[in-house]
Amino acid sequence: MEDLRRKDAGSSLNRFAGIMAGHATSWYPMSEQTHFGFESVAEREKARKVAGVFDSVAGKYDLMNDLMSGGLHRLWKAFTVERSGLRDGGRVLDIAGGSGDLARAFARRVGKSGEVWLTDINRAMLEVGRDRSADAGVLPPILQCDAERLPFPSDYFDCVSVAFGLRNMTHKDLALAEMHRVLRPGGCALVLEFSRVWRPLSGLYDWYSFNVLPWLGGKFADDDASYRYLAESIRMHPDQEELKLLMEQAGLEDVQYYNLTVGVVALHRGYKF
């Protein structure tokens with residue numbers, strides 16, 4: 001049965017893989033610059049670099065999440081699902097869902113009558129998510145797509161979520177606008193992301209981020225550079241208030257955020273009315 005689920009998921013992934021690829025080469029102007037960690041790069045180059053990071057870490061993604069957070073990422077995601085307010089039959093889109101743990105939690109929340117899509121722009125991460133989901137016996141539809149151009153109808157989902165993926169997107173405003181577009185009126189957008197830690201702990205947190213994280217990456221994933229990028233990308237990401245403003249500018253309303261673990265992570269929630 002598990003092999004059959006994997007085969008079906010693989011067919012779905014193959015069927016939809018690269019759905020946006022025909023537009024990829026013309027989407028980002030070559031002259032525009034953006035950040036890849038602390039480095040300034042062309043927008044098109046950032047897409048390649050981010051893809052390289054996740055191609056490299058996909059196989060050890062869940063292990064590294066547990067090591068880096070001491071398992072706290074599971075509590076952060078459980079809090080996110082609880083704050084969604086979803087019930088049986090709900091429709092959910094999980095963007096940049098990677099290994100699929102949040103999508104699987106949503107699938108359990110909405111039950112067999114619900115609908116949960118697991119999406120990511122990175123195929124290697126989706127393959128991990130497919131396999132993890134098949135092993136867990138909870139296999140949502142899987143789609144490879146660009147969060148800045150979602151191939152879903154407007155006003156469709158009860159909830160759209162992104163966990164630890166927004167900071168890697170080149171045009172965060174476009175991704176948030178797409179989240180708003182595909183939400184039905186009354187639906188909510190959830191953004192779980194690294195944020196600004198409580199100021200008295202910022203020095204200790206910086207030391208941990210730029211010393212311990214790359215060391216863990218080198219020792220357990222044979223890739224210290226990707227985890228150095230992680231630390232840098234967190235510093236370049238908007239803080240709690242800035243992200244709240246971005247969500248409001250995208251059309252979301254009643255936006256509020258919850259600081260988790262003294263601000264290491266924040267959950268932002270906004271609605272479409």
# chains A, B, ... in the order shown; residues from 1 in each chain; ligands from 1

$ closest_atom_pairs --of "region 167-236 of chain A" --to "region 67-85 of chain A" --cutoff "10 Å" --atoms "only C-alpha atoms" --output "Markdown table"
| residue | atom | partner | partner_atom | distance |
| --- | --- | --- | --- | --- |
| A:Gly187 | CA | A:Ser84 | CA | 9.2 |
| A:Cys188 | CA | A:Ser84 | CA | 7.1 |
| A:Ala189 | CA | A:Ser84 | CA | 8.4 |
| A:Leu190 | CA | A:Thr80 | CA | 7.3 |
| A:Val191 | CA | A:Thr80 | CA | 8.6 |
| A:Leu192 | CA | A:Thr80 | CA | 7.3 |
| A:Glu193 | CA | A:Trp76 | CA | 9.7 |
| A:Tyr208 | CA | A:Met68 | CA | 9.7 |
| A:Ser209 | CA | A:Met68 | CA | 9.4 |
| A:Val212 | CA | A:Met68 | CA | 8.6 |
| A:Leu213 | CA | A:Met68 | CA | 6.7 |
| A:Leu216 | CA | A:Met68 | CA | 7.6 |
| A:Gly217 | CA | A:Met68 | CA | 9.1 |
| A:Phe220 | CA | A:Leu67 | CA | 9.2 |
| A:Tyr227 | CA | A:Met68 | CA | 9.9 |

$ write_last_selection --atoms "C-alpha atoms" --output "PDB file, in the first residue's frame"
ATOM      1  CA  GLY A 187     -10.139  32.725   5.229  1.00  0.00           C
ATOM      2  CA  CYS A 188      -6.837  33.248   7.007  1.00  0.00           C
ATOM      3  CA  ALA A 189      -3.193  33.456   5.990  1.00  0.00           C
ATOM      4  CA  LEU A 190      -0.590  32.067   8.383  1.00  0.00           C
ATOM      5  CA  VAL A 191       3.099  32.977   8.177  1.00  0.00           C
ATOM      6  CA  LEU A 192       5.417  31.158  10.569  1.00  0.00           C
ATOM      7  CA  GLU A 193       8.919  32.537  10.252  1.00  0.00           C
ATOM      8  CA  TYR A 208      24.561  30.649  18.344  1.00  0.00           C
ATOM      9  CA  SER A 209      23.403  31.478  14.815  1.00  0.00           C
ATOM     10  CA  VAL A 212      26.641  26.674  16.277  1.00  0.00           C
ATOM     11  CA  LEU A 213      24.313  26.483  13.255  1.00  0.00           C
ATOM     12  CA  LEU A 216      25.775  21.543  13.124  1.00  0.00           C
ATOM     13  CA  GLY A 217      25.326  21.811   9.370  1.00  0.00           C
ATOM     14  CA  PHE A 220      25.382  16.349  10.473  1.00  0.00           C
ATOM     15  CA  TYR A 227      23.322  26.913   7.471  1.00  0.00           C
TER      16      TYR A 227
END

$ residues_around --residues "region 140-156 of chain A" --least-positions-apart "3" --cutoff "6 Å" --atoms "only C-alpha atoms" --output "VMD selection string"
chain A and resid 13 16 to 17 116 to 121 174 to 175 181 to 184

$ select_by_dssp --residues "region 34-199 of chain A" --states "strand (DSSP E)" --output "NGL selection string"
:A and (34-36 or 39-42 or 91-95 or 115-120 or 142-144 or 157-163 or 183-194)

$ write_last_selection --atoms "N, CA and C atoms" --output "short mmCIF file (atom, residue, chain, number, x, y, z; two decimals), in the first residue's frame"
data_model
loop_
_atom_site.label_atom_id
_atom_site.label_comp_id
_atom_site.auth_asym_id
_atom_site.auth_seq_id
_atom_site.Cartn_x
_atom_site.Cartn_y
_atom_site.Cartn_z
N THR A 34 18.92 41.71 -5.39
CA THR A 34 18.25 41.33 -4.16
C THR A 34 19.28 40.71 -3.24
N HIS A 35 18.83 40.23 -2.07
CA HIS A 35 19.75 39.67 -1.09
C HIS A 35 19.70 38.15 -1.12
N PHE A 36 20.87 37.55 -1.06
CA PHE A 36 21.00 36.13 -0.75
C PHE A 36 21.85 36.07 0.51
N GLU A 39 24.76 38.68 0.95
CA GLU A 39 25.30 38.94 -0.37
C GLU A 39 24.25 39.58 -1.27
N SER A 40 24.67 40.54 -2.09
CA SER A 40 23.78 41.15 -3.07
C SER A 40 23.96 40.43 -4.40
N VAL A 41 22.86 39.91 -4.94
CA VAL A 41 22.92 39.14 -6.18
C VAL A 41 21.78 39.54 -7.10
N ALA A 42 21.88 39.18 -8.37
CA ALA A 42 20.77 39.37 -9.31
C ALA A 42 19.62 38.47 -8.88
N ARG A 91 -10.39 23.65 3.44
CA ARG A 91 -9.45 23.61 2.32
C ARG A 91 -8.19 24.39 2.69
N VAL A 92 -7.02 23.76 2.54
CA VAL A 92 -5.77 24.35 2.98
C VAL A 92 -4.73 24.27 1.87
N LEU A 93 -3.97 25.34 1.71
CA LEU A 93 -2.81 25.37 0.83
C LEU A 93 -1.58 25.65 1.67
N ASP A 94 -0.63 24.72 1.68
CA ASP A 94 0.64 24.91 2.40
C ASP A 94 1.72 25.21 1.37
N ILE A 95 2.26 26.42 1.44
CA ILE A 95 3.26 26.90 0.48
C ILE A 95 4.66 26.66 1.06
N GLU A 115 -9.44 19.20 2.28
CA GLU A 115 -8.54 19.21 1.12
C GLU A 115 -7.29 19.99 1.51
N VAL A 116 -6.13 19.35 1.45
CA VAL A 116 -4.86 20.00 1.79
C VAL A 116 -3.87 19.78 0.65
N TRP A 117 -3.31 20.86 0.15
CA TRP A 117 -2.29 20.80 -0.90
C TRP A 117 -0.92 21.10 -0.30
N LEU A 118 0.05 20.25 -0.63
CA LEU A 118 1.45 20.47 -0.25
C LEU A 118 2.18 20.99 -1.49
N THR A 119 2.73 22.20 -1.41
CA THR A 119 3.43 22.79 -2.55
C THR A 119 4.81 23.27 -2.14
N ASP A 120 5.69 23.31 -3.12
CA ASP A 120 7.04 23.85 -2.92
C ASP A 120 7.62 24.10 -4.31
N ILE A 142 0.24 16.86 -4.11
CA ILE A 142 1.54 17.51 -4.11
C ILE A 142 1.73 18.25 -5.43
N LEU A 143 2.19 19.50 -5.34
CA LEU A 143 2.33 20.33 -6.53
C LEU A 143 3.62 21.15 -6.44
N GLN A 144 4.44 21.08 -7.48
CA GLN A 144 5.62 21.92 -7.57
C GLN A 144 5.23 23.22 -8.26
N PHE A 157 -9.38 28.80 -0.93
CA PHE A 157 -8.91 28.13 0.28
C PHE A 157 -9.41 28.80 1.55
N ASP A 158 -9.64 27.98 2.57
CA ASP A 158 -9.98 28.51 3.90
C ASP A 158 -8.74 28.98 4.65
N CYS A 159 -7.61 28.41 4.30
CA CYS A 159 -6.36 28.76 4.97
C CYS A 159 -5.20 28.57 4.01
N VAL A 160 -4.28 29.53 4.00
CA VAL A 160 -3.04 29.42 3.24
C VAL A 160 -1.90 29.64 4.23
N SER A 161 -0.95 28.71 4.25
CA SER A 161 0.14 28.79 5.23
C SER A 161 1.49 28.74 4.55
N VAL A 162 2.47 29.35 5.20
CA VAL A 162 3.86 29.20 4.78
C VAL A 162 4.70 29.21 6.06
N ALA A 163 5.51 28.18 6.23
CA ALA A 163 6.34 28.05 7.43
C ALA A 163 7.80 28.01 7.03
N LEU A 183 -7.24 32.97 -1.14
CA LEU A 183 -8.08 32.79 0.05
C LEU A 183 -9.53 33.15 -0.27
N ARG A 184 -10.45 32.40 0.30
CA ARG A 184 -11.85 32.79 0.21
C ARG A 184 -12.11 33.89 1.23
N PRO A 185 -13.14 34.72 1.04
CA PRO A 185 -13.50 35.70 2.06
C PRO A 185 -13.77 35.02 3.40
N GLY A 186 -13.14 35.51 4.43
CA GLY A 186 -13.23 34.90 5.75
C GLY A 186 -12.07 33.96 6.05
N GLY A 187 -11.27 33.63 5.03
CA GLY A 187 -10.14 32.72 5.23
C GLY A 187 -8.95 33.44 5.83
N CYS A 188 -7.99 32.65 6.34
CA CYS A 188 -6.84 33.25 7.01
C CYS A 188 -5.52 32.81 6.37
N ALA A 189 -4.56 33.72 6.41
CA ALA A 189 -3.19 33.46 5.99
C ALA A 189 -2.32 33.33 7.23
N LEU A 190 -1.47 32.32 7.26
CA LEU A 190 -0.59 32.07 8.38
C LEU A 190 0.86 32.08 7.90
N VAL A 191 1.68 32.90 8.52
CA VAL A 191 3.10 32.98 8.18
C VAL A 191 3.91 32.69 9.43
N LEU A 192 4.54 31.53 9.46
CA LEU A 192 5.42 31.16 10.57
C LEU A 192 6.84 31.34 10.08
N GLU A 193 7.59 32.21 10.77
CA GLU A 193 8.92 32.54 10.25
C GLU A 193 9.84 32.98 11.38
N PHE A 194 11.14 32.79 11.17
CA PHE A 194 12.12 33.35 12.09
C PHE A 194 11.96 34.86 12.12
#

$ residues_around --residues "Asn122 (chain A)" --least-positions-apart "3" --cutoff "7 Å" --atoms "only C-alpha atoms" --output "list in words"
Ala51, Met125, Leu126 and Gln144 of chain A

$ atom_distance --atom1 "CA of His237 (chain A)" --atom2 "CA of Arg167 (chain A)"
5.6 Å

$ closest_residue --among "A:Ser233, A:Pro214, A:His171, A:Tyr61" --to "Gln33 (chain A)" --atoms "only C-alpha atoms"
A:His171

$ residues_around --residues "region 196-203 of chain A" --least-positions-apart "5" --cutoff "8 Å" --atoms "only C-alpha atoms" --output "JSON, numbers by chain"
{"A": [239, 240, 262, 263, 264, 265]}

$ write_last_selection --atoms "N, CA and C atoms" --output "compact mmCIF listing (two decimals), in the first residue's frame"
# COMPACT_ATOMS: atom_id res chain seq x y z
N ASP A 239 11.28 42.26 10.28
CA ASP A 239 10.95 41.92 11.66
C ASP A 239 9.42 41.83 11.82
N GLN A 240 8.98 41.66 13.06
CA GLN A 240 7.56 41.41 13.31
C GLN A 240 6.66 42.51 12.76
N VAL A 262 10.61 33.72 22.79
CA VAL A 262 11.16 35.08 22.94
C VAL A 262 11.47 35.74 21.60
N GLY A 263 10.67 35.46 20.60
CA GLY A 263 10.82 36.13 19.32
C GLY A 263 11.76 35.45 18.34
N VAL A 264 12.32 34.32 18.70
CA VAL A 264 13.12 33.57 17.72
C VAL A 264 12.26 33.30 16.50
N VAL A 265 11.00 33.02 16.75
CA VAL A 265 10.02 32.75 15.70
C VAL A 265 8.77 33.58 16.00

$ select_by_dssp --residues "region 16-125 of chain A" --states "alpha helix (DSSP H)" --output "mmCIF file with C-alpha atoms, in the first residue's frame"
data_model
loop_
_atom_site.group_PDB
_atom_site.id
_atom_site.type_symbol
_atom_site.label_atom_id
_atom_site.label_comp_id
_atom_site.auth_asym_id
_atom_site.auth_seq_id
_atom_site.Cartn_x
_atom_site.Cartn_y
_atom_site.Cartn_z
ATOM 1 C CA PHE A 16 2.691 19.008 -12.202
ATOM 2 C CA ALA A 21 9.049 26.407 -15.774
ATOM 3 C CA GLY A 22 8.108 27.866 -19.134
ATOM 4 C CA HIS A 23 8.015 31.308 -17.550
ATOM 5 C CA ALA A 24 10.991 30.995 -15.216
ATOM 6 C CA THR A 25 13.609 32.456 -17.526
ATOM 7 C CA SER A 26 11.658 35.651 -18.181
ATOM 8 C CA TRP A 27 10.177 36.282 -14.765
ATOM 9 C CA GLU A 43 17.218 38.176 -8.705
ATOM 10 C CA ARG A 44 17.592 35.325 -11.176
ATOM 11 C CA GLU A 45 20.803 34.254 -9.444
ATOM 12 C CA LYS A 46 19.081 34.192 -6.049
ATOM 13 C CA ALA A 47 16.525 31.693 -7.348
ATOM 14 C CA ARG A 48 19.362 29.376 -8.417
ATOM 15 C CA LYS A 49 21.246 29.808 -5.152
ATOM 16 C CA VAL A 50 18.202 29.116 -2.976
ATOM 17 C CA ALA A 51 17.426 26.050 -5.078
ATOM 18 C CA GLY A 52 20.977 24.856 -4.485
ATOM 19 C CA VAL A 53 20.605 25.265 -0.730
ATOM 20 C CA PHE A 54 17.484 23.122 -0.565
ATOM 21 C CA ASP A 55 18.764 20.537 -3.027
ATOM 22 C CA SER A 56 21.684 20.138 -0.634
ATOM 23 C CA VAL A 57 19.779 19.976 2.666
ATOM 24 C CA TYR A 61 16.030 18.675 6.582
ATOM 25 C CA ASP A 62 13.930 17.143 9.368
ATOM 26 C CA LEU A 63 16.967 16.006 11.352
ATOM 27 C CA MET A 64 18.529 19.458 11.193
ATOM 28 C CA ASN A 65 15.272 21.140 12.227
ATOM 29 C CA ASP A 66 15.204 18.966 15.349
ATOM 30 C CA LEU A 67 18.866 19.627 16.130
ATOM 31 C CA MET A 68 18.772 23.374 15.534
ATOM 32 C CA SER A 69 15.575 24.026 17.477
ATOM 33 C CA LEU A 72 10.748 23.251 19.318
ATOM 34 C CA HIS A 73 9.795 23.561 15.648
ATOM 35 C CA ARG A 74 7.197 20.850 16.268
ATOM 36 C CA LEU A 75 5.542 22.974 18.962
ATOM 37 C CA TRP A 76 5.682 26.078 16.771
ATOM 38 C CA LYS A 77 3.905 24.214 13.963
ATOM 39 C CA ALA A 78 1.339 22.706 16.329
ATOM 40 C CA PHE A 79 0.558 26.235 17.563
ATOM 41 C CA THR A 80 0.172 27.353 13.936
ATOM 42 C CA VAL A 81 -2.354 24.604 13.189
ATOM 43 C CA GLU A 82 -4.275 25.404 16.369
ATOM 44 C CA ARG A 83 -4.466 29.107 15.468
ATOM 45 C CA ASP A 101 4.962 18.012 8.359
ATOM 46 C CA LEU A 102 2.663 21.048 8.491
ATOM 47 C CA ALA A 103 0.534 19.810 5.579
ATOM 48 C CA ARG A 104 0.108 16.445 7.302
ATOM 49 C CA ALA A 105 -0.961 18.162 10.520
ATOM 50 C CA PHE A 106 -3.515 20.217 8.587
ATOM 51 C CA ALA A 107 -4.769 17.068 6.850
ATOM 52 C CA ARG A 108 -5.460 15.455 10.210
ATOM 53 C CA ARG A 109 -7.215 18.647 11.318
ATOM 54 C CA VAL A 110 -9.634 18.883 8.375
ATOM 55 C CA ARG A 123 11.443 19.251 -6.322
ATOM 56 C CA ALA A 124 13.975 17.620 -3.975
ATOM 57 C CA MET A 125 12.065 18.902 -0.956
#

$ decode --residues "region 73-108 of chain A" --atoms "C-alpha atoms" --output "mmCIF file, in the first residue's frame"
data_model
loop_
_atom_site.group_PDB
_atom_site.id
_atom_site.type_symbol
_atom_site.label_atom_id
_atom_site.label_comp_id
_atom_site.auth_asym_id
_atom_site.auth_seq_id
_atom_site.Cartn_x
_atom_site.Cartn_y
_atom_site.Cartn_z
ATOM 1 C CA HIS A 73 9.795 23.561 15.648
ATOM 2 C CA ARG A 74 7.197 20.850 16.268
ATOM 3 C CA LEU A 75 5.542 22.974 18.962
ATOM 4 C CA TRP A 76 5.682 26.078 16.771
ATOM 5 C CA LYS A 77 3.905 24.214 13.963
ATOM 6 C CA ALA A 78 1.339 22.706 16.329
ATOM 7 C CA PHE A 79 0.558 26.235 17.563
ATOM 8 C CA THR A 80 0.172 27.353 13.936
ATOM 9 C CA VAL A 81 -2.354 24.604 13.189
ATOM 10 C CA GLU A 82 -4.275 25.404 16.369
ATOM 11 C CA ARG A 83 -4.466 29.107 15.468
ATOM 12 C CA SER A 84 -5.833 28.310 12.022
ATOM 13 C CA GLY A 85 -9.286 27.664 13.461
ATOM 14 C CA LEU A 86 -9.853 25.011 10.794
ATOM 15 C CA ARG A 87 -12.622 22.425 11.068
ATOM 16 C CA ASP A 88 -13.582 19.232 9.245
ATOM 17 C CA GLY A 89 -13.898 19.820 5.527
ATOM 18 C CA GLY A 90 -11.568 22.821 5.371
ATOM 19 C CA ARG A 91 -9.447 23.606 2.321
ATOM 20 C CA VAL A 92 -5.768 24.347 2.981
ATOM 21 C CA LEU A 93 -2.811 25.366 0.830
ATOM 22 C CA ASP A 94 0.636 24.909 2.397
ATOM 23 C CA ILE A 95 3.261 26.900 0.484
ATOM 24 C CA ALA A 96 6.978 26.046 0.609
ATOM 25 C CA GLY A 97 5.832 22.999 2.552
ATOM 26 C CA GLY A 98 9.051 21.074 2.135
ATOM 27 C CA SER A 99 9.016 17.787 3.986
ATOM 28 C CA GLY A 100 5.273 18.113 4.570
ATOM 29 C CA ASP A 101 4.962 18.012 8.359
ATOM 30 C CA LEU A 102 2.663 21.048 8.491
ATOM 31 C CA ALA A 103 0.534 19.810 5.579
ATOM 32 C CA ARG A 104 0.108 16.445 7.302
ATOM 33 C CA ALA A 105 -0.961 18.162 10.520
ATOM 34 C CA PHE A 106 -3.515 20.217 8.587
ATOM 35 C CA ALA A 107 -4.769 17.068 6.850
ATOM 36 C CA ARG A 108 -5.460 15.455 10.210
#
